$ cat model-v9.txt   # compact mmCIF, C-alpha atoms and all ligand atoms
# COMPACT_ATOMS: atom_id res chain seq x y z
CA MET A 1 -59.46 4.55 44.24
CA LYS A 2 -63.18 4.86 44.84
CA ALA A 3 -65.49 3.59 42.11
CA SER A 4 -67.02 7.05 41.74
CA GLU A 5 -63.57 8.48 40.91
CA LEU A 6 -62.49 5.55 38.75
CA PHE A 7 -65.50 5.89 36.43
CA ASP A 8 -65.75 9.67 36.57
CA LEU A 9 -65.83 11.35 33.14
CA LYS A 10 -65.78 15.00 34.08
CA ASP A 11 -63.43 16.99 31.82
CA ARG A 12 -64.00 14.39 29.10
CA VAL A 13 -65.63 15.14 25.76
CA ALA A 14 -67.59 12.32 24.17
CA LEU A 15 -69.06 11.96 20.70
CA VAL A 16 -71.77 9.35 20.17
CA THR A 17 -72.88 8.44 16.66
CA GLY A 18 -76.41 7.12 16.23
CA ALA A 19 -77.56 9.09 19.29
CA SER A 20 -81.09 9.61 17.95
CA SER A 21 -82.38 6.14 18.84
CA GLY A 22 -82.01 2.93 20.82
CA LEU A 23 -78.63 2.09 22.30
CA GLY A 24 -77.07 5.41 21.26
CA ILE A 25 -79.52 7.39 23.40
CA GLN A 26 -78.64 5.24 26.39
CA PHE A 27 -74.88 5.55 25.74
CA ALA A 28 -75.16 9.35 25.56
CA LYS A 29 -77.15 9.50 28.79
CA ALA A 30 -74.72 7.21 30.64
CA LEU A 31 -71.75 9.34 29.56
CA ALA A 32 -73.49 12.61 30.45
CA ASP A 33 -74.69 11.23 33.81
CA ASN A 34 -71.05 10.50 34.67
CA GLY A 35 -69.79 13.97 33.81
CA ALA A 36 -68.83 13.94 30.12
CA ALA A 37 -69.89 16.67 27.71
CA VAL A 38 -71.52 14.82 24.85
CA ALA A 39 -71.80 15.57 21.12
CA LEU A 40 -74.88 13.77 19.78
CA VAL A 41 -74.62 12.74 16.13
CA ALA A 42 -77.22 11.28 13.74
CA ARG A 43 -79.40 12.35 10.80
CA ARG A 44 -82.66 12.98 12.70
CA ALA A 45 -81.99 16.42 14.17
CA ASP A 46 -85.34 16.70 15.98
CA ARG A 47 -84.55 13.63 18.06
CA LEU A 48 -81.05 14.85 18.87
CA ALA A 49 -82.47 18.19 20.00
CA ALA A 50 -84.90 16.41 22.34
CA LEU A 51 -82.10 14.33 23.86
CA LYS A 52 -79.90 17.38 24.22
CA ASP A 53 -82.70 19.11 26.18
CA GLU A 54 -83.21 16.01 28.34
CA ILE A 55 -79.51 15.89 29.22
CA ALA A 56 -79.43 19.64 29.91
CA ALA A 57 -82.50 19.35 32.17
CA LYS A 58 -80.50 16.95 34.36
CA GLY A 59 -77.58 19.39 34.53
CA GLY A 60 -75.52 17.70 31.79
CA ARG A 61 -73.81 19.20 28.76
CA ALA A 62 -74.65 18.17 25.19
CA ILE A 63 -74.84 19.48 21.66
CA ALA A 64 -76.75 18.07 18.72
CA ILE A 65 -74.94 17.63 15.40
CA GLU A 66 -76.86 16.50 12.35
CA ALA A 67 -74.62 14.32 10.21
CA ASP A 68 -74.70 11.23 8.03
CA VAL A 69 -71.84 8.98 9.18
CA THR A 70 -71.11 7.94 5.60
CA ASP A 71 -70.35 11.56 4.62
CA ARG A 72 -66.64 12.27 5.28
CA ALA A 73 -67.09 16.06 5.04
CA ALA A 74 -69.93 15.90 7.57
CA MET A 75 -67.68 13.80 9.80
CA ALA A 76 -64.94 16.45 9.84
CA ARG A 77 -67.56 19.13 10.51
CA ALA A 78 -69.00 17.10 13.41
CA PHE A 79 -65.60 16.83 15.12
CA ASP A 80 -64.98 20.54 14.48
CA GLU A 81 -68.33 21.47 16.06
CA ALA A 82 -67.75 19.22 19.06
CA GLU A 83 -64.25 20.69 19.54
CA LYS A 84 -65.56 24.23 19.26
CA ALA A 85 -68.21 23.57 21.90
CA PHE A 86 -66.26 21.46 24.41
CA GLY A 87 -62.66 20.79 23.27
CA THR A 88 -61.02 17.74 21.73
CA VAL A 89 -63.19 14.62 21.64
CA THR A 90 -61.51 12.07 23.94
CA ILE A 91 -64.27 9.44 23.90
CA LEU A 92 -65.79 8.24 20.63
CA VAL A 93 -68.69 5.80 20.70
CA ASN A 94 -68.96 4.44 17.17
CA ASN A 95 -72.56 3.26 17.47
CA ALA A 96 -74.53 4.25 14.33
CA GLY A 97 -75.66 1.15 12.50
CA VAL A 98 -78.20 -0.29 10.11
CA ALA A 99 -79.66 -3.76 9.78
CA GLN A 100 -79.50 -5.72 6.59
CA LYS A 101 -82.75 -6.53 4.81
CA ALA A 102 -83.27 -10.18 5.74
CA MET A 103 -82.42 -12.28 2.69
CA ARG A 104 -80.31 -15.20 1.61
CA ALA A 105 -76.65 -14.40 1.02
CA THR A 106 -77.05 -15.38 -2.64
CA ASP A 107 -79.74 -12.69 -3.07
CA VAL A 108 -77.87 -9.76 -1.51
CA SER A 109 -77.44 -7.07 -4.17
CA ALA A 110 -74.30 -4.99 -4.57
CA GLU A 111 -76.32 -1.95 -3.44
CA GLU A 112 -77.52 -3.64 -0.26
CA TRP A 113 -74.03 -4.96 0.53
CA ARG A 114 -72.57 -1.45 0.12
CA ARG A 115 -75.38 0.25 2.12
CA VAL A 116 -74.77 -2.02 5.12
CA LEU A 117 -70.97 -2.09 4.91
CA SER A 118 -70.72 1.69 4.43
CA VAL A 119 -72.48 2.41 7.74
CA ASP A 120 -71.60 -0.66 9.80
CA LEU A 121 -67.94 -0.94 8.83
CA ASP A 122 -66.51 1.87 6.68
CA ALA A 123 -67.89 4.64 8.88
CA VAL A 124 -66.69 2.88 12.04
CA PHE A 125 -63.15 2.85 10.65
CA TYR A 126 -63.20 6.45 9.33
CA TRP A 127 -64.73 7.96 12.49
CA ALA A 128 -62.25 6.06 14.69
CA GLN A 129 -59.40 7.18 12.43
CA GLU A 130 -60.52 10.82 12.60
CA ALA A 131 -60.99 10.71 16.37
CA ALA A 132 -57.58 9.11 16.90
CA ARG A 133 -55.80 11.60 14.61
CA ARG A 134 -57.30 14.50 16.53
CA MET A 135 -56.54 13.00 19.98
CA VAL A 136 -52.92 12.40 19.00
CA ALA A 137 -52.55 15.87 17.41
CA ALA A 138 -53.92 17.47 20.59
CA GLY A 139 -51.64 15.33 22.79
CA LYS A 140 -54.66 13.84 24.59
CA GLN A 141 -55.28 10.32 25.81
CA GLY A 142 -58.58 8.89 24.69
CA ALA A 143 -60.87 5.93 24.29
CA ILE A 144 -62.71 4.67 21.25
CA VAL A 145 -65.59 2.24 21.77
CA ASN A 146 -66.90 0.49 18.66
CA ILE A 147 -70.28 -1.19 18.77
CA ALA A 148 -70.03 -4.66 17.27
CA SER A 149 -72.57 -7.46 17.82
CA VAL A 150 -72.79 -11.10 18.82
CA LEU A 151 -73.31 -11.55 15.06
CA GLY A 152 -69.64 -10.64 14.76
CA PHE A 153 -68.86 -14.03 16.33
CA GLY A 154 -71.64 -16.29 15.15
CA VAL A 155 -73.97 -15.95 12.21
CA SER A 156 -77.65 -16.46 11.63
CA LYS A 157 -79.35 -16.97 8.29
CA GLY A 158 -80.26 -13.83 6.37
CA THR A 159 -77.67 -11.54 7.96
CA ALA A 160 -74.56 -12.03 5.81
CA ALA A 161 -73.69 -8.37 5.19
CA TYR A 162 -74.39 -7.30 8.77
CA ALA A 163 -72.52 -10.25 10.31
CA VAL A 164 -69.51 -9.70 8.05
CA ALA A 165 -69.45 -6.00 8.95
CA LYS A 166 -69.65 -6.71 12.68
CA ALA A 167 -66.91 -9.36 12.57
CA ALA A 168 -64.78 -6.78 10.77
CA VAL A 169 -65.53 -4.25 13.50
CA VAL A 170 -63.99 -6.66 16.03
CA GLN A 171 -60.88 -6.94 13.87
CA THR A 172 -60.80 -3.19 13.15
CA THR A 173 -60.81 -2.65 16.90
CA LYS A 174 -57.71 -4.82 17.32
CA ALA A 175 -55.93 -3.36 14.29
CA LEU A 176 -56.37 0.21 15.55
CA ALA A 177 -55.63 -0.72 19.16
CA ILE A 178 -52.25 -2.23 18.41
CA GLU A 179 -51.11 0.88 16.54
CA LEU A 180 -52.58 3.46 18.90
CA ALA A 181 -51.74 1.94 22.30
CA PHE A 182 -48.35 3.64 22.44
CA LYS A 183 -50.00 7.00 21.66
CA GLY A 184 -52.39 6.74 24.60
CA VAL A 185 -55.52 5.98 22.59
CA ARG A 186 -57.36 2.81 23.62
CA VAL A 187 -59.68 1.11 21.15
CA ASN A 188 -62.21 -1.45 22.35
CA ALA A 189 -65.58 -2.82 21.33
CA ILE A 190 -68.83 -3.94 22.88
CA ALA A 191 -70.73 -6.82 21.31
CA PRO A 192 -74.34 -6.59 22.45
CA GLY A 193 -76.74 -9.49 22.25
CA TRP A 194 -80.36 -8.73 21.43
CA PHE A 195 -81.86 -5.44 22.59
CA VAL A 196 -85.28 -4.40 21.30
CA THR A 197 -84.77 -1.15 19.34
CA GLU A 198 -85.91 0.29 16.01
CA ILE A 199 -83.25 -1.78 14.24
CA ASN A 200 -85.00 -5.07 15.09
CA ASP A 201 -88.29 -4.49 16.93
CA THR A 202 -90.46 -6.10 14.24
CA TYR A 203 -88.26 -9.18 14.18
CA LEU A 204 -87.73 -9.56 17.93
CA ASN A 205 -91.46 -9.16 18.61
CA SER A 206 -92.31 -11.86 16.03
CA GLU A 207 -92.64 -15.60 16.70
CA ALA A 208 -89.06 -16.12 15.51
CA GLY A 209 -87.85 -13.41 17.86
CA LEU A 210 -89.60 -14.92 20.85
CA ALA A 211 -88.04 -18.29 20.03
CA LEU A 212 -84.70 -16.54 20.04
CA LYS A 213 -85.36 -15.21 23.52
CA ARG A 214 -85.87 -18.75 24.79
CA ASP A 215 -82.28 -19.56 23.73
CA ILE A 216 -80.79 -16.75 25.81
CA PRO A 217 -79.49 -18.31 29.05
CA MET A 218 -80.70 -15.32 31.11
CA GLY A 219 -84.13 -15.70 29.51
CA ARG A 220 -84.62 -12.11 28.43
CA PHE A 221 -83.53 -9.56 25.84
CA GLY A 222 -81.15 -6.79 26.88
CA GLU A 223 -82.69 -3.74 28.53
CA ALA A 224 -81.76 -0.06 28.77
CA GLY A 225 -78.78 0.25 31.07
CA ASP A 226 -77.46 -3.28 30.54
CA LEU A 227 -74.57 -1.86 28.47
CA ASP A 228 -73.74 1.05 30.78
CA GLY A 229 -71.21 -0.93 32.82
CA ALA A 230 -69.21 -2.07 29.79
CA LEU A 231 -69.32 1.39 28.23
CA LEU A 232 -68.17 3.19 31.37
CA LEU A 233 -65.41 0.64 31.98
CA LEU A 234 -64.01 1.07 28.46
CA ALA A 235 -64.45 4.87 28.35
CA SER A 236 -63.00 5.75 31.75
CA GLU A 237 -59.83 5.41 33.80
CA ALA A 238 -61.26 2.14 35.09
CA GLY A 239 -60.32 0.60 31.74
CA ARG A 240 -56.93 2.24 31.42
CA TYR A 241 -55.02 -1.05 30.70
CA ILE A 242 -57.70 -2.49 28.40
CA THR A 243 -57.24 -2.15 24.65
CA GLY A 244 -58.16 -4.24 21.63
CA ALA A 245 -60.82 -6.06 23.65
CA THR A 246 -64.41 -6.82 22.73
CA ILE A 247 -66.74 -7.21 25.69
CA VAL A 248 -69.73 -9.43 24.96
CA VAL A 249 -72.89 -8.30 26.78
CA ASP A 250 -75.60 -10.75 25.82
CA GLY A 251 -77.11 -12.59 28.79
CA GLY A 252 -74.98 -15.61 27.91
CA GLN A 253 -76.26 -15.96 24.35
CA VAL A 254 -72.99 -16.72 22.56
CA ILE A 255 -71.89 -19.39 25.02
CA GLY A 256 -75.18 -21.26 24.81
CA LEU A 257 -75.55 -24.21 22.46
CA LYS A 258 -78.98 -24.58 20.91
CA GLY A 259 -81.02 -27.63 21.90
N1 LIG A 301 -80.36 -3.64 19.15
C1 LIG A 301 -79.63 -4.74 19.12
O1 LIG A 301 -80.10 -5.85 19.45
C2 LIG A 301 -78.20 -4.67 18.72
C3 LIG A 301 -77.40 -5.82 18.90
C4 LIG A 301 -76.07 -5.79 18.54
C5 LIG A 301 -75.54 -4.63 18.01
N2 LIG A 301 -76.33 -3.53 17.83
C6 LIG A 301 -75.69 -2.36 17.26
O2 LIG A 301 -75.93 -1.26 18.10
C7 LIG A 301 -75.89 -0.06 17.32
C8 LIG A 301 -77.13 0.77 17.62
O3 LIG A 301 -78.26 0.06 17.17
P1 LIG A 301 -79.72 0.24 17.81
O4 LIG A 301 -80.17 -1.12 18.19
O5 LIG A 301 -79.72 1.32 18.81
O6 LIG A 301 -80.52 0.64 16.49
P2 LIG A 301 -81.46 1.89 16.15
O7 LIG A 301 -82.40 2.16 17.28
O8 LIG A 301 -82.03 1.60 14.81
O9 LIG A 301 -80.43 3.10 16.04
C9 LIG A 301 -79.53 3.21 14.98
C10 LIG A 301 -78.89 4.58 15.04
O10 LIG A 301 -77.94 4.68 13.98
C11 LIG A 301 -78.15 5.91 13.33
N3 LIG A 301 -77.75 5.83 11.93
C12 LIG A 301 -78.05 4.87 11.02
N4 LIG A 301 -77.53 5.18 9.81
C13 LIG A 301 -76.89 6.38 9.97
C14 LIG A 301 -76.19 7.24 9.10
N5 LIG A 301 -76.00 6.93 7.80
N6 LIG A 301 -75.68 8.37 9.59
C15 LIG A 301 -75.86 8.72 10.91
N7 LIG A 301 -76.52 7.94 11.78
C16 LIG A 301 -77.04 6.79 11.31
C17 LIG A 301 -79.63 6.21 13.48
O11 LIG A 301 -79.84 7.61 13.40
P3 LIG A 301 -80.60 8.42 12.22
O12 LIG A 301 -81.53 7.46 11.54
O13 LIG A 301 -81.30 9.53 12.95
O14 LIG A 301 -79.50 8.91 11.35
C18 LIG A 301 -79.88 5.72 14.88
O15 LIG A 301 -79.59 6.72 15.82
C19 LIG A 301 -75.77 -0.50 15.87
O16 LIG A 301 -74.42 -0.43 15.47
C20 LIG A 301 -76.24 -1.94 15.90
O17 LIG A 301 -75.70 -2.71 14.86
C21 LIG A 301 -77.63 -3.52 18.17

$ encode --input "model-v9.txt" --output "structure tokens" --more "lines below"
Ligand SMILES: NC(=O)c1ccc[n+]([C@@H]2O[C@H](COP(=O)([O-])OP(=O)(O)OC[C@H]3O[C@@H](n4cnc5c(N)ncnc54)[C@H](OP(=O)(O)O)[C@@H]3O)[C@@H](O)[C@H]2O)c1
Amino acid sequence: MKASELFDLKDRVALVTGASSGLGIQFAKALADNGAAVALVARRADRLAALKDEIAAKGGRAIAIEADVTDRAAMARAFDEAEKAFGTVTILVNNAGVAQKAMRATDVSAEEWRRVLSVDLDAVFYWAQEAARRMVAAGKQGAIVNIASVLGFGVSKGTAAYAVAKAAVVQTTKALAIELAFKGVRVNAIAPGWFVTEINDTYLNSEAGLALKRDIPMGRFGEAGDLDGALLLLASEAGRYITGATIVVDGGQVIGLKG
């Protein structure tokens, strides 16, 4: 099969959470560029509307849905709206995420722990669960792509809640994959290295951030488009026998030993 056919997403309906910023914008564009109709989800409606217009200007199909991923009623409404516009969601990109306020693990408050875990883990599970239930009920095959992090494998100081959540996303991916494989729903994850976005721009542009860049074997942070290949592989027919996997896309960061 030709690569253009293997990765083609026409007739597919995607929903991307956290599509108002950073990696989510790029994921939505990559899916739309390859033929998927895309439901854009986040809280900042103005940004979603701008992205929707940008996708439409290139001949793509998108709708903007304002929703907080921690709100289960808003989640159901988002899937309903996407279904009404385009049909059953068959690709979910579980991307919305927040960073933890940098602090020692012993100083993390119960509120901060819950804030991070509710977006970075609980919502990932609930949105995947909802997407899978609807795919199975509609008799459709589908793909769920969870966005983990290299901090799901290693840890750095001051990131306890975030790192725990991302490690759990890797395990959530496997736990869902093993139960859904037989139903035709594949569940995989991408673990990005460092990409400069709103979640970390202050940190990555600081002295500490630049030191971090020196430890990346490829010598640079990730750039827009660096995750497109992994996303399209996992979302399309090209990845039809892949489930429960986490693809690390980090310029070699996790294999490198410091010093
Ligand atoms: N950048 C990196 O280096 C890096 C590395 C590894 C993993 N990641 C992961 O990649 C994902 C995207 O991060 P990013 O770097 O693109 O960060 P970002 O630019 O800060 O974007 C985060 C997105 O999540 C959305 N979001 C946050 N809380 C939400 C909520 N309660 N409800 C709905 N949407 C919410 C934000 O939208 P609104 O504020 O408009 O709601 C925004 O669209 C995250 O899961 C992050 O952990 C990033």

$ residues_near_ligand --input "model-v9.txt" --ligand "ligand LIG 301 (chain A)" --cutoff "9 Å" --atoms "only C-alpha atoms and all ligand atoms" --output "PyMOL selection string"
chain A and resi 17-26+41-48+66-71+94-99+115+118-120+123+146-152+162+166+190-201+204+221-222+250

$ atom_distance --input "model-v9.txt" --atom1 "CA of Arg72 in chain A" --atom2 "CA of Leu9 in chain A"
27.9 Å

$ closest_residue --input "model-v9.txt" --among "A:Ala76, A:Ile91, A:Val16, A:Ala245" --to "Ile63 in chain A" --atoms "all atoms listed in the file"
A:Val16

$ residues_around --input "model-v9.txt" --residues "Ile144 in chain A" --least-positions-apart "3" --cutoff "9 Å" --atoms "only C-alpha atoms" --output "list in words"
Thr90, Ile91, Leu92, Val93, Asn94, Ala128, Ala131, Ala132, Thr173, Val185, Arg186, Val187, Asn188, Ala189, Leu234 and Ala235 of chain A

$ closest_residue --input "model-v9.txt" --among "A:Val145, A:Glu130, A:Val155, A:Ala85" --to "Ala105 in chain A" --atoms "all atoms listed in the file"
A:Val155

$ residues_around --input "model-v9.txt" --residues "Pro217 in chain A" --least-positions-apart "2" --cutoff "8 Å" --atoms "all atoms listed in the file" --output "list in words"
Arg214, Asp215, Gly219, Gly251, Gly252, Gln253 and Gly256 of chain A

$ residues_near_point --input "model-v9.txt" --point "(-62.3, 7.3, 30.7)" --cutoff "8 Å" --atoms "all atoms listed in the file" --output "VMD selection string"
chain A and resid 7 to 9 12 91 142 to 143 232 to 240

$ write_last_selection --input "model-v9.txt" --atoms "C-alpha atoms" --output "CSV table (one decimal), in the frame of the given file"
chain,number,residue,atom,x,y,z
A,7,PHE,CA,-65.5,5.9,36.4
A,8,ASP,CA,-65.8,9.7,36.6
A,9,LEU,CA,-65.8,11.4,33.1
A,12,ARG,CA,-64.0,14.4,29.1
A,91,ILE,CA,-64.3,9.4,23.9
A,142,GLY,CA,-58.6,8.9,24.7
A,143,ALA,CA,-60.9,5.9,24.3
A,232,LEU,CA,-68.2,3.2,31.4
A,233,LEU,CA,-65.4,0.6,32.0
A,234,LEU,CA,-64.0,1.1,28.5
A,235,ALA,CA,-64.4,4.9,28.4
A,236,SER,CA,-63.0,5.8,31.8
A,237,GLU,CA,-59.8,5.4,33.8
A,238,ALA,CA,-61.3,2.1,35.1
A,239,GLY,CA,-60.3,0.6,31.7
A,240,ARG,CA,-56.9,2.2,31.4

$ atom_distance --input "model-v9.txt" --atom1 "CA of Ala161 in chain A" --atom2 "CA of Leu210 in chain A"
23.3 Å

$ closest_residue --input "model-v9.txt" --among "A:Ala224, A:Ala57, A:Val169, A:Leu231" --to "Asn34 in chain A" --atoms "all atoms listed in the file"
A:Leu231

$ residues_around --input "model-v9.txt" --residues "Gly59 in chain A" --least-positions-apart "3" --cutoff "9 Å" --atoms "only C-alpha atoms" --output "list in words"
Ala32, Asp33, Ile55 and Ala56 of chain A
